[in-house]
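Okay, start-v3.cif is below, mmCIF, C-alpha atoms:
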data_data
loop_
_atom_site.label_atom_id
_atom_site.label_comp_id
_atom_site.auth_asym_id
_atom_site.auth_seq_id
_atom_site.Cartn_x
_atom_site.Cartn_y
_atom_site.Cartn_z
CA MET A 12 143.73 96.80 191.86
CA ASN A 13 144.36 95.38 188.42
CA ALA A 14 146.02 97.75 185.99
CA SER A 15 144.30 97.98 182.58
CA PRO A 16 146.39 96.42 179.81
CA GLN A 17 148.55 98.89 177.90
CA PRO A 18 147.93 99.03 174.14
CA ASP A 19 150.67 97.53 172.03
CA PRO A 20 152.19 100.42 169.99
CA HIS A 21 153.33 98.02 167.25
CA ARG A 22 149.80 96.66 166.79
CA ALA A 23 148.31 100.17 166.67
CA ARG A 24 150.89 101.21 164.04
CA TRP A 25 150.06 98.10 161.98
CA ARG A 26 146.32 98.93 162.06
CA VAL A 27 146.96 102.52 160.92
CA GLY A 28 149.25 101.28 158.13
CA ALA A 29 146.72 98.69 156.96
CA GLY A 30 143.92 101.29 157.02
CA ALA A 31 146.03 103.72 154.99
CA ALA A 32 146.79 100.98 152.45
CA VAL A 33 143.08 100.21 152.05
CA VAL A 34 142.23 103.91 151.60
CA LEU A 35 145.00 104.35 149.02
CA GLY A 36 143.83 101.23 147.17
CA LEU A 37 140.26 102.55 147.04
CA LEU A 38 141.44 105.95 145.82
CA GLY A 39 143.53 104.29 143.09
CA ALA A 40 140.60 102.15 141.94
CA GLY A 41 138.28 105.18 141.92
CA THR A 42 140.78 107.18 139.87
CA ALA A 43 141.10 104.33 137.35
CA VAL A 44 137.30 104.13 136.97
CA LEU A 45 137.05 107.91 136.54
CA LEU A 46 139.79 107.99 133.90
CA THR A 47 138.14 105.15 132.01
CA ALA A 48 134.82 106.99 132.07
CA VAL A 49 136.17 110.30 130.74
CA THR A 50 138.79 109.00 128.29
CA PRO A 51 137.58 108.64 124.68
CA HIS A 52 137.13 104.99 123.76
CA GLY A 53 137.99 105.37 120.09
CA SER A 54 141.53 104.91 118.99
CA ASN A 55 142.94 108.04 117.52
CA GLU A 56 145.88 107.48 115.27
CA LEU A 57 146.56 110.57 113.20
CA ILE A 58 147.37 109.36 109.68
CA ALA A 59 147.55 112.55 107.61
CA PRO A 60 147.62 115.81 109.54
CA GLY A 61 145.77 118.87 108.38
CA PRO A 62 147.52 122.25 108.28
CA THR A 63 147.41 122.68 112.08
CA ALA A 64 147.48 119.06 113.21
CA SER A 65 149.89 117.77 115.81
CA ALA A 66 152.42 115.15 114.81
CA VAL A 67 151.60 113.03 117.87
CA VAL A 68 150.39 109.58 116.79
CA GLN A 69 148.67 107.17 119.14
CA ASP A 70 148.09 103.42 118.91
CA ALA A 71 145.15 102.40 116.70
CA GLY A 72 144.19 99.60 119.11
CA ALA A 73 142.29 96.41 118.40
CA GLY A 74 139.12 95.92 116.39
CA SER A 75 138.01 96.77 112.88
CA VAL A 76 139.64 100.02 111.76
CA ILE A 77 137.84 102.85 109.96
CA PHE A 78 139.30 106.03 108.48
CA VAL A 79 137.63 109.38 109.18
CA HIS A 80 138.71 112.82 107.98
CA ILE A 81 137.84 115.73 110.27
CA LEU A 82 138.18 119.39 109.28
CA GLY A 83 137.10 122.75 110.56
CA GLN A 84 137.01 123.93 114.14
CA VAL A 85 138.97 121.22 115.97
CA ALA A 86 142.43 121.50 117.52
CA ARG A 87 144.13 118.98 115.18
CA PRO A 88 142.26 118.47 111.88
CA GLY A 89 143.37 115.50 109.82
CA LEU A 90 142.73 111.88 108.85
CA TYR A 91 142.32 109.52 111.81
CA THR A 92 141.84 105.80 112.34
CA LEU A 93 139.14 104.81 114.78
CA ARG A 94 137.26 101.61 115.62
CA ASP A 95 134.14 100.51 113.81
CA GLY A 96 131.20 101.60 115.97
CA ASP A 97 132.88 104.76 117.29
CA ARG A 98 130.81 107.93 117.34
CA ALA A 99 131.36 111.53 116.28
CA VAL A 100 132.34 112.42 119.86
CA ASP A 101 135.30 110.03 119.51
CA ILE A 102 136.72 111.71 116.39
CA VAL A 103 136.33 115.15 117.98
CA ALA A 104 138.22 113.89 121.06
CA ALA A 105 140.90 112.30 118.86
CA ALA A 106 141.35 115.64 117.09
CA GLY A 107 141.95 117.43 120.39
CA GLY A 108 138.43 118.76 120.94
CA PHE A 109 136.60 121.81 119.64
CA THR A 110 138.30 125.16 119.19
CA ALA A 111 136.91 128.24 120.95
CA GLN A 112 135.27 129.28 117.65
CA ALA A 113 133.48 125.92 117.09
CA ASP A 114 129.72 125.54 117.03
CA PRO A 115 129.19 122.16 118.77
CA ALA A 116 125.51 122.23 117.80
CA GLY A 117 126.61 121.91 114.16
CA LEU A 118 127.51 118.26 114.71
CA ASN A 119 125.53 115.31 116.07
CA LEU A 120 128.10 113.94 118.53
CA ALA A 121 126.08 110.76 119.18
CA ARG A 122 126.00 109.55 115.59
CA VAL A 123 127.94 106.44 114.55
CA LEU A 124 130.86 107.09 112.20
CA SER A 125 131.30 105.45 108.80
CA ASP A 126 134.51 104.43 107.07
CA GLY A 127 135.70 107.03 104.59
CA GLU A 128 133.56 109.86 105.87
CA GLN A 129 134.55 113.49 106.18
CA ILE A 130 133.30 115.67 109.02
CA VAL A 131 133.46 119.46 108.94
CA VAL A 132 132.97 121.20 112.29
CA PRO A 133 131.54 124.66 111.58
CA ALA A 134 132.45 127.87 113.38
CA ILE A 135 129.80 129.83 115.27
CA GLY A 136 127.64 131.62 112.71
CA GLU A 137 128.90 129.43 109.87
CA THR A 138 126.54 127.07 108.13
CA ALA A 139 127.53 123.44 107.74
CA ALA A 140 127.33 121.74 104.34
CA GLY A 141 123.91 122.55 102.96
CA PRO A 142 121.15 120.04 102.25
CA ILE A 143 120.94 120.96 98.54
CA ALA A 144 123.94 120.17 96.34
CA ALA A 145 125.16 122.48 93.57
CA ASP A 146 123.30 120.35 90.99
CA GLY A 147 120.01 120.88 92.86
CA LYS A 148 119.88 117.36 94.30
CA VAL A 149 119.02 116.77 97.96
CA ASN A 150 122.04 115.53 99.90
CA LEU A 151 120.91 112.55 101.98
CA ASN A 152 123.75 113.08 104.46
CA THR A 153 123.10 116.74 105.27
CA ALA A 154 119.38 117.17 104.56
CA ASP A 155 117.01 117.98 107.38
CA SER A 156 113.34 117.04 107.50
CA ALA A 157 112.26 120.14 105.55
CA ALA A 158 114.69 119.42 102.68
CA LEU A 159 113.63 115.76 102.50
CA ASP A 160 109.97 116.82 102.51
CA THR A 161 110.53 118.61 99.17
CA LEU A 162 111.07 115.23 97.48
CA PRO A 163 108.14 113.47 95.77
CA ARG A 164 106.43 110.76 97.87
CA VAL A 165 108.37 111.89 100.95
CA GLY A 166 106.21 113.37 103.68
CA PRO A 167 107.06 114.13 107.30
CA ALA A 168 106.76 110.47 108.40
CA LEU A 169 109.08 109.11 105.70
CA ALA A 170 111.50 112.01 106.19
CA ALA A 171 111.65 111.09 109.90
CA ARG A 172 112.44 107.46 109.00
CA ILE A 173 115.24 108.56 106.64
CA LEU A 174 116.75 110.72 109.39
CA ALA A 175 116.38 107.90 111.92
CA TRP A 176 118.17 105.49 109.55
CA ARG A 177 121.00 108.02 109.12
CA ASP A 178 121.31 108.54 112.89
CA GLN A 179 121.39 104.80 113.50
CA ASN A 180 123.63 103.72 110.61
CA GLY A 181 125.80 106.73 109.88
CA ARG A 182 126.16 108.35 106.48
CA PHE A 183 124.50 107.11 103.34
CA SER A 184 127.39 105.70 101.32
CA ALA A 185 125.24 105.27 98.18
CA ILE A 186 121.75 106.36 97.20
CA GLU A 187 120.80 102.65 97.08
CA ASP A 188 120.99 102.70 100.90
CA LEU A 189 117.55 104.33 100.74
CA LEU A 190 116.15 100.86 100.01
CA GLU A 191 117.07 99.91 103.60
CA VAL A 192 114.80 102.63 105.01
CA PRO A 193 111.43 101.21 106.11
CA GLY A 194 108.71 102.37 103.73
CA ILE A 195 110.95 102.89 100.69
CA GLY A 196 110.36 100.23 98.08
CA ASP A 197 111.51 99.97 94.48
CA ALA A 198 108.83 102.32 93.12
CA THR A 199 109.58 105.08 95.63
CA PHE A 200 113.32 104.62 95.13
CA GLN A 201 113.01 104.92 91.33
CA GLY A 202 111.17 108.21 91.83
CA LEU A 203 113.93 109.53 94.11
CA ARG A 204 117.16 108.22 92.59
CA ASP A 205 117.73 111.14 90.20
CA LEU A 206 116.80 113.75 92.81
CA VAL A 207 119.17 112.78 95.64
CA THR A 208 122.91 112.53 96.19
CA VAL A 209 125.32 111.44 98.95
#
Go ahead and render the structure in this file as structure tokens.
Amino acid sequence: MNASPQPDPHRARWRVGAGAAVVLGLLGAGTAVLLTAVTPHGSNELIAPGPTASAVVQDAGAGSVIFVHILGQVARPGLYTLRDGDRAVDIVAAAGGFTAQADPAGLNLARVLSDGEQIVVPAIGETAAGPIAADGKVNLNTADSAALDTLPRVGPALAARILAWRDQNGRFSAIEDLLEVPGIGDATFQGLRDLVTV
């Protein structure tokens, strides 16, 4: 009778070791992908802290730099540098996230940020900056469809295009930006210029 060959214990140990190395490699790669997915992509260098801001400063990173000031219900209000193309969610993450009192619905987290802009995160029950300025002008950066609809020559369709432009391009930096909105020509702009502000 032929005896069946005995397994080589060194070879079995090598196979277990190689298998463990592969599993650990896959776990490491999965962790790296997960961290990349949940880590904010904007740089978040704190330039000028607010009254409760942390003194921790992080690398601004590569790319075109913009400055954004965030106030209100975030953990570390202050002035931050981010990358051109970053969104409101990136500045909130850079500022340490919302406080427990914050009203996240008071801010469009998907909107693209603009250089030099200030964001105020309201508390629950608090109203954000209103659509009508103290001088009675409609603020193009805070107005909703109803406020825009009060302007001459602006109906629901044009109000929707103004809001879409703002969502796509960020804040209006000057009232002349209205000329970039489809459907607003020189005549319409001349009728609006003294009634709006940014």
Which residues of region 69-101 of chain A sit at most 10 Å from region 124-130 of chain A, using all atoms listed in the file? Give each one's shortest atom pair and distance in Å (one decimal place), in chain and ascending residue order, as a Markdown table.
| residue | atom | partner | partner_atom | distance |
| --- | --- | --- | --- | --- |
| A:Val76 | CA | A:Asp126 | CA | 8.2 |
| A:Ile77 | CA | A:Asp126 | CA | 4.7 |
| A:Phe78 | CA | A:Asp126 | CA | 5.2 |
| A:Val79 | CA | A:Glu128 | CA | 5.3 |
| A:His80 | CA | A:Gln129 | CA | 4.6 |
| A:Ile81 | CA | A:Ile130 | CA | 4.7 |
| A:Leu82 | CA | A:Ile130 | CA | 6.1 |
| A:Gly83 | CA | A:Ile130 | CA | 8.2 |
| A:Pro88 | CA | A:Ile130 | CA | 9.8 |
| A:Gly89 | CA | A:Gln129 | CA | 9.8 |
| A:Leu90 | CA | A:Gln129 | CA | 8.8 |
| A:Thr92 | CA | A:Asp126 | CA | 9.1 |
| A:Leu93 | CA | A:Leu124 | CA | 9.0 |
| A:Arg94 | CA | A:Leu124 | CA | 9.1 |
| A:Asp95 | CA | A:Leu124 | CA | 7.5 |
| A:Gly96 | CA | A:Leu124 | CA | 6.7 |
| A:Asp97 | CA | A:Leu124 | CA | 6.0 |
| A:Arg98 | CA | A:Leu124 | CA | 5.2 |
| A:Ala99 | CA | A:Leu124 | CA | 6.1 |
| A:Val100 | CA | A:Leu124 | CA | 9.4 |
| A:Asp101 | CA | A:Leu124 | CA | 9.0 |
>> Could you list, as a ChimeraX atom specification, every residue matched by the PyMOL selection byres ((chain A and resi 122) around 6) in this structure?
In response: /A:98-99,119-121,123,178
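Here CA of Gly136 (chain A) stands at a distance of 9.3 Å from CA of Ala113 (chain A).
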>> Report, in Å to a single decimal, how far apart CA of Arg177 (chain A) and CA of Ser75 (chain A) are.
In response: 20.7 Å
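Nearest residue to Gly202 (chain A), choosing from A:Leu189, A:Ala158, A:Val103, A:Leu151 and counting all atoms listed in the file: A:Leu189.
Between CA of Val165 (chain A) and CA of Val207 (chain A) there is a distance of 12.1 Å.
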> Counting only C-alpha atoms, what is within 8 Å of Asn152 (chain A), bar same-chain residues fewer than 4 positions away, as JSON, numbers by chain?
Replying inline: {"A": [142, 177, 182, 183, 209]}
> When the PyMOL selection byres ((chain A and resi 133) around 10) is applied to the file above, which residues end up in the set, as a PyMOL selection string?
Replying inline: chain A and resi 82-85+109+112-118+130-132+134-140
